[in-house]
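**Student:** Handing over entry_36.txt, compact mmCIF, C-alpha atoms and all ligand atoms.
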# COMPACT_ATOMS: atom_id res chain seq x y z
CA MET A 1 114.13 119.66 113.20
CA ILE A 2 111.43 117.39 114.58
CA GLN A 3 111.71 113.80 113.34
CA ALA A 4 108.47 112.50 111.81
CA LYS A 5 107.94 108.74 112.32
CA ARG A 6 104.84 107.90 110.28
CA ILE A 7 101.71 109.35 108.79
CA GLY A 8 98.87 109.20 111.32
CA HIS A 9 95.45 110.32 110.17
CA VAL A 10 94.23 112.59 107.41
CA THR A 11 91.27 114.94 107.78
CA PHE A 12 89.05 115.32 104.73
CA LYS A 13 86.30 117.85 104.17
CA THR A 14 83.32 116.32 102.39
CA PRO A 15 79.88 117.59 101.39
CA ASP A 16 78.37 114.16 102.18
CA ILE A 17 79.76 112.62 105.37
CA ASP A 18 77.36 109.66 105.35
CA ARG A 19 78.28 108.67 101.79
CA GLN A 20 81.99 108.84 102.64
CA ILE A 21 81.50 106.87 105.87
CA ALA A 22 79.74 104.15 103.85
CA TYR A 23 82.65 104.11 101.35
CA TYR A 24 85.40 103.92 103.98
CA ARG A 25 83.54 101.18 105.86
CA GLN A 26 82.34 99.00 103.00
CA VAL A 27 85.16 99.42 100.48
CA ILE A 28 88.26 100.28 102.51
CA GLY A 29 87.21 98.31 105.58
CA LEU A 30 87.81 101.05 108.14
CA GLY A 31 85.76 100.86 111.32
CA LEU A 32 83.72 103.73 112.69
CA VAL A 33 85.11 104.93 116.01
CA ALA A 34 82.83 107.90 116.65
CA ARG A 35 80.28 110.00 114.81
CA GLU A 36 79.43 113.59 115.71
CA ALA A 37 76.98 115.89 113.91
CA ASN A 38 79.64 117.22 111.51
CA ARG A 39 82.57 114.85 112.06
CA ALA A 40 83.34 111.16 111.87
CA PHE A 41 86.41 109.14 112.90
CA LEU A 42 87.47 105.92 111.20
CA ALA A 43 90.23 103.49 112.13
CA THR A 44 92.08 100.67 110.38
CA PRO A 45 91.39 97.05 111.38
CA THR A 46 94.47 97.31 113.62
CA GLY A 47 92.84 100.18 115.53
CA GLN A 48 94.90 103.09 114.21
CA LEU A 49 92.96 106.25 113.49
CA ALA A 50 93.31 106.80 109.71
CA VAL A 51 90.57 109.09 108.40
CA VAL A 52 88.67 111.98 109.95
CA LEU A 53 85.73 113.35 107.98
CA GLU A 54 84.43 116.88 108.44
CA LYS A 55 81.43 118.51 106.82
CA GLY A 56 82.51 120.98 104.12
CA ASP A 57 81.27 122.48 100.86
CA GLU A 58 83.90 120.85 98.65
CA PRO A 59 85.91 117.64 99.03
CA SER A 60 89.44 118.52 100.15
CA CYS A 61 92.30 117.32 102.30
CA ALA A 62 92.19 119.68 105.26
CA ARG A 63 94.92 118.36 107.57
CA ILE A 64 97.60 115.69 107.80
CA ALA A 65 98.77 114.30 111.13
CA PHE A 66 102.23 112.81 111.67
CA GLU A 67 103.47 110.88 114.66
CA VAL A 68 106.78 112.36 115.77
CA SER A 69 109.45 111.22 118.19
CA SER A 70 108.33 111.49 121.80
CA ALA A 71 111.86 112.56 122.78
CA LEU A 72 110.80 116.22 122.51
CA SER A 73 108.27 118.06 124.68
CA PHE A 74 105.56 120.11 122.96
CA ALA A 75 107.29 123.27 124.20
CA GLU A 76 110.58 122.18 122.63
CA MET A 77 108.80 121.28 119.37
CA ALA A 78 107.12 124.71 119.28
CA LYS A 79 110.55 126.30 119.86
CA ARG A 80 112.09 124.37 116.98
CA LEU A 81 109.22 125.29 114.65
CA GLN A 82 109.64 128.91 115.67
CA ALA A 83 113.35 128.68 114.81
CA ASP A 84 112.20 127.62 111.32
CA GLY A 85 109.92 130.67 111.20
CA LEU A 86 106.73 128.69 111.87
CA LYS A 87 103.99 129.60 114.29
CA SER A 88 102.40 126.63 115.98
CA GLU A 89 99.43 126.06 118.21
CA GLU A 90 98.83 123.34 120.77
CA ARG A 91 95.46 121.66 120.33
CA SER A 92 93.64 119.45 122.74
CA ASP A 93 90.27 119.31 120.98
CA ALA A 94 91.17 115.69 120.83
CA VAL A 95 90.52 113.20 118.13
CA PRO A 96 89.86 109.80 119.69
CA GLY A 97 93.00 108.24 121.13
CA THR A 98 95.19 111.30 120.50
CA PRO A 99 94.91 113.68 123.44
CA LYS A 100 96.90 116.56 122.01
CA SER A 101 98.64 117.80 118.91
CA LEU A 102 100.78 120.68 117.74
CA ALA A 103 99.44 122.36 114.59
CA PHE A 104 101.22 124.49 112.03
CA THR A 105 100.96 125.23 108.32
CA ASP A 106 103.46 123.82 105.82
CA ALA A 107 105.08 125.77 102.97
CA LYS A 108 102.25 124.99 100.54
CA GLY A 109 99.48 125.96 102.96
CA THR A 110 98.45 122.53 104.26
CA SER A 111 97.65 122.26 107.94
CA ILE A 112 99.96 119.78 109.68
CA GLU A 113 99.36 118.22 113.09
CA LEU A 114 102.11 116.57 115.10
CA PHE A 115 101.39 114.11 117.88
CA THR A 116 103.42 111.88 120.16
CA GLU A 117 100.99 110.08 122.45
CA TRP A 118 98.28 107.91 120.95
CA SER A 119 96.41 104.72 121.71
CA PHE A 120 94.91 101.93 119.66
CA LEU A 121 91.16 102.40 119.21
CA ALA A 122 88.27 100.01 119.58
CA ALA A 123 86.67 100.38 116.17
CA GLU A 124 83.85 98.25 114.78
CA ALA A 125 84.98 95.13 112.90
CA PRO A 126 85.77 95.66 109.20
CA ALA A 127 82.95 94.91 106.76
CA ALA A 128 83.09 91.42 105.21
CA GLY A 129 84.70 91.54 101.76
CA SER A 130 86.25 94.98 102.30
CA LEU A 131 89.89 95.84 101.64
CA MET A 132 91.06 95.56 105.25
CA PRO A 133 94.26 97.58 104.79
CA VAL A 134 97.37 97.14 106.89
CA LYS A 135 97.66 100.91 107.22
CA LEU A 136 97.33 104.31 105.61
CA GLY A 137 100.66 104.38 103.77
CA HIS A 138 101.21 107.69 102.03
CA LEU A 139 99.76 110.88 100.70
CA ALA A 140 100.70 112.47 97.37
CA TYR A 141 100.30 116.17 96.80
CA VAL A 142 100.28 118.48 93.81
CA THR A 143 102.31 121.61 94.36
CA GLU A 144 103.84 124.31 92.19
CA ASP A 145 107.35 123.82 93.57
CA PRO A 146 108.13 120.23 94.71
CA LYS A 147 111.80 121.08 95.37
CA ALA A 148 110.83 123.84 97.82
CA ILE A 149 108.35 121.52 99.58
CA PHE A 150 110.97 118.74 99.73
CA ASP A 151 113.43 121.18 101.34
CA PHE A 152 110.75 122.21 103.84
CA TYR A 153 109.82 118.62 104.81
CA ALA A 154 113.51 117.68 105.11
CA LYS A 155 114.40 120.67 107.26
CA VAL A 156 111.30 120.82 109.47
CA LEU A 157 110.25 117.14 109.79
CA GLY A 158 113.41 115.19 108.94
CA PHE A 159 112.09 113.58 105.73
CA ARG A 160 114.74 111.88 103.56
CA LEU A 161 114.95 111.76 99.78
CA SER A 162 114.00 108.41 98.23
CA ASP A 163 113.64 109.22 94.52
CA TRP A 164 112.99 111.96 92.00
CA ILE A 165 111.30 111.54 88.62
CA GLY A 166 113.03 114.24 86.58
CA ASP A 167 112.64 117.45 88.55
CA TYR A 168 108.85 117.24 88.88
CA PHE A 169 108.01 114.34 91.22
CA VAL A 170 109.76 113.67 94.54
CA PHE A 171 109.29 110.72 96.95
CA LEU A 172 110.20 111.18 100.62
CA ARG A 173 110.50 108.77 103.52
CA CYS A 174 110.45 109.30 107.28
CA GLY A 175 110.67 105.64 108.29
CA PRO A 176 111.66 102.48 106.41
CA ASP A 177 108.89 102.80 103.77
CA HIS A 178 110.14 104.21 100.44
CA HIS A 179 107.65 107.07 100.65
CA THR A 180 105.23 108.49 103.17
CA VAL A 181 104.68 111.73 101.24
CA ASN A 182 105.32 112.59 97.62
CA PHE A 183 105.02 115.86 95.77
CA ILE A 184 104.31 116.34 92.08
CA ARG A 185 104.56 119.61 90.20
CA GLY A 186 101.26 121.10 89.07
CA PRO A 187 99.07 124.16 89.41
CA ASN A 188 96.86 124.60 92.49
CA SER A 189 98.14 122.93 95.64
CA ARG A 190 95.88 119.95 96.38
CA MET A 191 95.97 116.27 97.27
CA HIS A 192 96.88 114.00 94.36
CA HIS A 193 96.05 110.66 96.01
CA MET A 194 95.94 108.78 99.28
CA ALA A 195 97.28 105.23 99.52
CA PHE A 196 96.40 102.26 101.69
CA GLU A 197 98.80 99.36 102.08
CA VAL A 198 97.50 95.79 101.77
CA LYS A 199 99.21 92.66 103.06
CA ASP A 200 100.26 91.00 99.80
CA THR A 201 99.43 90.47 96.14
CA SER A 202 96.56 88.07 96.91
CA HIS A 203 94.93 90.85 98.94
CA LEU A 204 95.55 93.22 96.03
CA ALA A 205 93.81 90.78 93.65
CA ASN A 206 90.88 90.58 96.10
CA ALA A 207 90.86 94.39 96.11
CA CYS A 208 90.43 94.42 92.31
CA ASP A 209 87.47 92.04 92.64
CA LEU A 210 86.05 94.28 95.37
CA LEU A 211 86.31 97.37 93.13
CA GLY A 212 84.61 95.40 90.33
CA ARG A 213 81.77 94.34 92.64
CA GLN A 214 81.31 97.93 93.83
CA ASN A 215 81.34 99.30 90.24
CA LEU A 216 84.35 101.47 91.10
CA GLU A 217 86.42 101.82 87.94
CA ILE A 218 90.09 100.85 88.20
CA VAL A 219 91.65 103.98 86.67
CA TRP A 220 95.22 102.59 86.68
CA GLY A 221 96.79 99.24 87.40
CA PRO A 222 97.61 96.72 88.50
CA VAL A 223 101.08 98.02 87.74
CA ARG A 224 104.50 97.58 89.35
CA HIS A 225 105.99 101.04 89.63
CA GLY A 226 109.64 101.97 89.15
CA PRO A 227 110.12 104.41 92.04
CA GLY A 228 109.21 102.42 95.18
CA HIS A 229 108.54 99.25 93.14
CA ASN A 230 105.09 98.91 94.72
CA ILE A 231 102.34 97.03 92.91
CA ALA A 232 99.50 99.55 92.77
CA VAL A 233 95.83 99.80 91.79
CA TYR A 234 94.03 103.14 91.65
CA HIS A 235 90.37 104.15 91.73
CA ARG A 236 88.39 107.26 92.62
CA ASN A 237 86.19 107.41 95.71
CA PRO A 238 82.68 108.95 95.72
CA ASP A 239 84.24 112.41 96.37
CA ASP A 240 86.33 111.89 93.18
CA GLN A 241 89.56 111.67 95.22
CA MET A 242 92.12 109.24 93.88
CA VAL A 243 92.84 106.26 96.14
CA GLU A 244 95.71 103.80 95.66
CA PHE A 245 95.94 100.29 97.08
CA PHE A 246 99.51 98.99 97.15
CA THR A 247 101.79 96.22 98.35
CA ASP A 248 105.48 95.33 98.05
CA LEU A 249 106.76 98.90 98.55
CA ASP A 250 110.56 99.21 98.81
CA ARG A 251 111.89 99.57 102.33
CA MET A 252 115.15 100.97 103.62
CA SER A 253 115.42 99.08 106.88
CA ASP A 254 119.07 100.07 107.33
CA GLU A 255 119.64 103.76 106.71
CA GLU A 256 123.37 103.27 107.16
CA SER A 257 123.48 101.01 104.10
CA GLY A 258 121.88 103.72 101.95
CA TYR A 259 120.00 101.26 99.76
CA PHE A 260 116.59 99.63 99.71
CA GLU A 261 116.21 95.98 100.71
CA PRO A 262 117.20 93.98 97.60
CA ARG A 263 114.32 92.60 95.54
CA PRO A 264 114.45 90.38 92.40
CA TRP A 265 112.60 93.04 90.34
CA HIS A 266 115.16 95.78 91.03
CA LYS A 267 117.21 96.73 87.98
CA ASP A 268 119.82 98.61 90.03
CA ARG A 269 121.91 96.52 92.44
CA PRO A 270 121.88 97.94 95.00
CA GLN A 271 118.73 100.05 94.60
CA LYS A 272 119.69 103.47 95.94
CA PRO A 273 117.74 106.72 95.91
CA LYS A 274 118.12 108.21 92.43
CA THR A 275 116.61 110.42 89.75
CA TRP A 276 114.50 108.48 87.25
CA ASP A 277 114.61 109.63 83.64
CA PRO A 278 111.10 110.91 82.82
CA SER A 279 111.56 110.13 79.12
CA LYS A 280 112.08 106.41 79.78
CA GLN A 281 109.64 103.66 80.75
CA ARG A 282 109.71 103.45 84.56
CA ASP A 283 107.10 100.89 85.50
CA MET A 284 108.42 97.34 85.76
CA TRP A 285 105.23 96.09 84.09
CA GLY A 286 101.61 97.10 83.53
CA LEU A 287 99.73 99.37 81.16
CA PRO A 288 99.81 103.19 81.31
CA PRO A 289 97.12 105.03 83.32
CA GLY A 290 93.62 105.39 81.86
CA PRO A 291 91.79 108.65 81.08
CA ASN A 292 90.10 108.79 84.48
CA TRP A 293 93.46 108.62 86.23
CA ARG A 294 94.78 111.41 83.99
CA ARG A 295 91.64 113.52 84.44
CA GLY A 296 92.59 116.65 86.39
CA ASN A 297 96.28 115.60 86.35
CA GLU A 298 97.21 116.74 82.85
FE FE B 1 101.15 106.50 95.58
What does the file become when written as structure tokens?
Ligand SMILES: [Fe+2]
**Tutor:**
Amino acid sequence: MIQAKRIGHVTFKTPDIDRQIAYYRQVIGLGLVAREANRAFLATPTGQLAVVLEKGDEPSCARIAFEVSSALSFAEMAKRLQADGLKSEERSDAVPGTPKSLAFTDAKGTSIELFTEWSFLAAEAPAAGSLMPVKLGHLAYVTEDPKAIFDFYAKVLGFRLSDWIGDYFVFLRCGPDHHTVNFIRGPNSRMHHMAFEVKDTSHLANACDLLGRQNLEIVWGPVRHGPGHNIAVYHRNPDDQMVEFFTDLDRMSDEESGYFEPRPWHKDRPQKPKTWDPSKQRDMWGLPPGPNWRRGNE
């Protein structure tokens, strides 16, 4: 096993790089780090690489990068992946600030990149009035067999179970955050949504005003979820990919305790990882998702 520490950057294919650059700069508040003919690199206001754009025919999530413990050499990581039956390849084609990575394919066919060394980037300042996220927080994926993918992520990358909804939606953590990846059952393996964390609820309210100004429909939220208890707002970006802004996500800062840091809105005391009953209302408050959230997710 190789212990994942956090999600790093996600690589998206897009038919219109310039349109997506404009979106990530003006709406999300990422700063452009570098632009090549068919690639662009964007970082959070803290200087962490978050999004890589690559020219492609269709919008898709091409690769996900995770920072892993630097305790292991690349050779040792490759050996451990091999022991799990996975072929890996060392890459040094270098995204800015990350000199090398180890690439392999996960059980649902997504390309994963592991890195240890990285540096903060000097990105342009975030656009005035943009979201200015704290970080890229999590990625949700549709897959035919979430249990099999959970087993894979637990065994290969040390992810821990945070919650299930029934047997069709699983939330996994690799650090204190309630979830860094989640997997929902559905046909055709693909990204379900990406999520950026904002500082607090006032920033989330500003984010709603920002979406209104930009004529980007809020397709769900604000809502306080059950699993993770984050307050979330969802919209779709110009490539029709779902994007969540969230704050107040549960955290397990002490793994030994086995429960999430107590919060007044928790109904379980203590709030431990559990299976939520899909037939019961889960959200703490807020209306159900709208038709443009449900679109493609039926
Ligand atoms: Fe989410």
**Student:** Produce a table with one row for each residue of chain A that has an atom at most 7 Å from any atom of ligand FE 1 (chain B), each row naming the nearest atom pair and its distance in Å at one decimal; use all atoms listed in the file; arrange rows by chain and rising residue number; format as CSV.
**Tutor:**
residue,atom,partner,partner_atom,distance
A:His138,CA,B:FE1,FE,6.6
A:Leu139,CA,B:FE1,FE,6.9
A:Ala140,CA,B:FE1,FE,6.2
A:His193,CA,B:FE1,FE,6.6
A:Met194,CA,B:FE1,FE,6.8
A:Ala195,CA,B:FE1,FE,5.7
A:Glu244,CA,B:FE1,FE,6.1
**Student:** Place a sphere of radius 9 Å on (115.4, 108.8, 95.7) in the file coordinates and name every protein, DNA or RNA residue with an atom inside or on its surface, counting only C-alpha atoms; give the answer as an MDAnalysis selection string.
**Tutor:** chainID A and resid 160:165 170:172 178 227:228 272:276
**Student:** Just the residues within 7 Å of segment 100-105 of chain A, please, counting all atoms listed in the file, with nothing from its chain fewer than 2 positions along; format it as a ChimeraX atom specification.
**Tutor:** /A:86-92,94,98,107,109-115
**Student:** Which of these, A:Ile2, A:Ala62, A:Met252, A:Ala207, has the shortest distance to Glu76 of chain A once you count all atoms listed in the file?
**Tutor:** A:Ile2
**Student:** Go through A:Ala128, A:Ile17, A:Ala123, A:Ala78 one by one, measure the shortest atom-to-atom distance of each to Glu58 of chain A using all atoms listed in the file, and give the residue with the smallest value.
**Tutor:**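 The answer is A:Ile17, which sits nearest to Glu58 of chain A.
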**Student:** Tell me which protein, DNA and RNA residues are within 6 Å of Arg224 of chain A, counting all atoms listed in the file, leaving out same-chain ones fewer than 5 positions away, and put them as a list in words.
**Tutor:**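 Here the qualifying residues turn out to be His229, Asn230, Ile231, Asp283, Met284 and Trp285 of chain A.
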**Student:** Quick one: residues within 12 Å of (112.2, 88.8, 97.9) (file frame), counting only C-alpha atoms, please, as a list in words.
**Tutor:**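 Here is the list of nearby residues: Asp248, Leu249, Asp250, Arg251, Phe260, Glu261, Pro262, Arg263, Pro264, Trp265 and His266 of chain A.
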**Student:** Excluding same-chain residues fewer than 6 positions from Gly212 of chain A, what lies within 12 Å of it counting only C-alpha atoms, as an mmCIF file with C-alpha atoms, in the coordinates of the input?
**Tutor:**
data_model
loop_
_atom_site.group_PDB
_atom_site.id
_atom_site.type_symbol
_atom_site.label_atom_id
_atom_site.label_comp_id
_atom_site.auth_asym_id
_atom_site.auth_seq_id
_atom_site.Cartn_x
_atom_site.Cartn_y
_atom_site.Cartn_z
ATOM 1 C CA VAL A 27 85.160 99.420 100.480
ATOM 2 C CA ALA A 205 93.810 90.780 93.650
ATOM 3 C CA ASN A 206 90.880 90.580 96.100
ATOM 4 C CA ILE A 218 90.090 100.850 88.200
ATOM 5 C CA VAL A 219 91.650 103.980 86.670
ATOM 6 C CA HIS A 235 90.370 104.150 91.730
#
**Student:** Restricting the calculation to only C-alpha atoms, which member of A:Pro278, A:Pro238, A:Pro289, A:Pro146 is positioned closest to Arg19 of chain A?
**Tutor:**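 Looking at the shortest contact to Arg19 of chain A, the residue is A:Pro238.
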**Student:** So what do you get for atom CA of Gly47 of chain A versus atom CA of Lys13 of chain A, distance-wise?
**Tutor:**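 Between atom CA of Gly47 of chain A and atom CA of Lys13 of chain A the gap is 22.0 Å.
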**Student:** Residues at most 10 Å from Ala125 of chain A, counting only C-alpha atoms, excluding those fewer than 5 positions away in the same chain, as a compact mmCIF listing (two decimals) with C-alpha atoms, keeping the file's coordinate frame?
**Tutor:**
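Output below, filename result_17.txt:
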# COMPACT_ATOMS: atom_id res chain seq x y z
CA ARG A 25 83.54 101.18 105.86
CA GLY A 29 87.21 98.31 105.58
CA LEU A 30 87.81 101.05 108.14
CA GLY A 31 85.76 100.86 111.32
CA LEU A 32 83.72 103.73 112.69
CA ALA A 43 90.23 103.49 112.13
CA THR A 44 92.08 100.67 110.38
CA PRO A 45 91.39 97.05 111.38
CA THR A 46 94.47 97.31 113.62
CA GLY A 47 92.84 100.18 115.53
CA MET A 132 91.06 95.56 105.25
**Student:** Take atom CA of Asp151 of chain A and atom CA of Arg173 of chain A and report the distance between them in Å, one decimal.
**Tutor:**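 Value for the atom CA of Asp151 of chain A-atom CA of Arg173 of chain A distance: 12.9 Å.
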**Student:** Kindly indicate which residue among A:Tyr153, A:Phe245, A:Phe169, A:Tyr259 lies nearest to Ala4 of chain A, using all atoms listed in the file for the distances.
**Tutor:**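 Between A:Tyr153, A:Phe245, A:Phe169, A:Tyr259, the residue approaching Ala4 of chain A most closely is A:Tyr153.
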**Student:** Please indicate the distance in Å from atom CA of Asp254 of chain A to atom CA of Arg6 of chain A, rounded to one decimal place.
**Tutor:**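 Going from atom CA of Asp254 of chain A over to atom CA of Arg6 of chain A covers 16.5 Å.
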**Student:** Kindly indicate which residue among A:Gly8, A:Pro133, A:Pro270, A:Pro15 lies nearest to Asp200 of chain A, using all atoms listed in the file for the distances.
**Tutor:**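 Using all atoms listed in the file, the shortest distance to Asp200 of chain A belongs to A:Pro133.
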**Student:** Please provide the set of residues having any atom within 8 Å of Ser60 of chain A, restricted to all atoms listed in the file, with same-chain residues fewer than 4 positions apart removed, written as a PyMOL selection string.
**Tutor:** chain A and resi 12-14+190-191
**Student:** Kindly provide, as lines of an AutoDock Vina configuration file, the centre and edge lengths (Å, one decimal) of an axis-aligned box around all atoms of segment 205-219 of chain A given in the file, with 4 Å on each side.
**Tutor:**
center_x = 87.6
center_y = 97.3
center_z = 91.4
size_x = 20.5
size_y = 21.4
size_z = 17.4
**Student:** Considering all atoms listed in the file, can you say which of A:Gln26, A:Ser202, A:Gln271, A:Asn188 comes closest to Ala127 of chain A?
**Tutor:**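 Nearest to Ala127 of chain A: A:Gln26.
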**Student:** Take segment 71-93 of chain A from the block and save it with C-alpha atoms, as a PDB file, in the first residue's frame.
**Tutor:**
ATOM      1  CA  ALA A  71       8.693   7.937   2.953  1.00  0.00           C
ATOM      2  CA  LEU A  72       8.824   5.632  -0.083  1.00  0.00           C
ATOM      3  CA  SER A  73      11.149   5.888  -3.090  1.00  0.00           C
ATOM      4  CA  PHE A  74       9.632   5.715  -6.580  1.00  0.00           C
ATOM      5  CA  ALA A  75      11.244   2.283  -7.007  1.00  0.00           C
ATOM      6  CA  GLU A  76       9.602   1.039  -3.812  1.00  0.00           C
ATOM      7  CA  MET A  77       6.234   2.499  -4.879  1.00  0.00           C
ATOM      8  CA  ALA A  78       6.513   0.766  -8.276  1.00  0.00           C
ATOM      9  CA  LYS A  79       7.310  -2.493  -6.448  1.00  0.00           C
ATOM     10  CA  ARG A  80       4.245  -2.157  -4.227  1.00  0.00           C
ATOM     11  CA  LEU A  81       1.997  -1.397  -7.205  1.00  0.00           C
ATOM     12  CA  GLN A  82       3.420  -4.430  -8.964  1.00  0.00           C
ATOM     13  CA  ALA A  83       2.591  -6.551  -5.906  1.00  0.00           C
ATOM     14  CA  ASP A  84      -1.013  -5.357  -6.389  1.00  0.00           C
ATOM     15  CA  GLY A  85      -0.820  -6.430 -10.041  1.00  0.00           C
ATOM     16  CA  LEU A  86      -0.422  -2.882 -11.377  1.00  0.00           C
ATOM     17  CA  LYS A  87       2.056  -1.735 -13.977  1.00  0.00           C
ATOM     18  CA  SER A  88       3.376   1.747 -13.386  1.00  0.00           C
ATOM     19  CA  GLU A  89       5.489   4.197 -15.304  1.00  0.00           C
ATOM     20  CA  GLU A  90       7.723   6.961 -14.022  1.00  0.00           C
ATOM     21  CA  ARG A  91       7.059  10.277 -15.738  1.00  0.00           C
ATOM     22  CA  SER A  92       9.180  13.356 -15.748  1.00  0.00           C
ATOM     23  CA  ASP A  93       7.376  15.305 -18.462  1.00  0.00           C
TER      24      ASP A  93
END
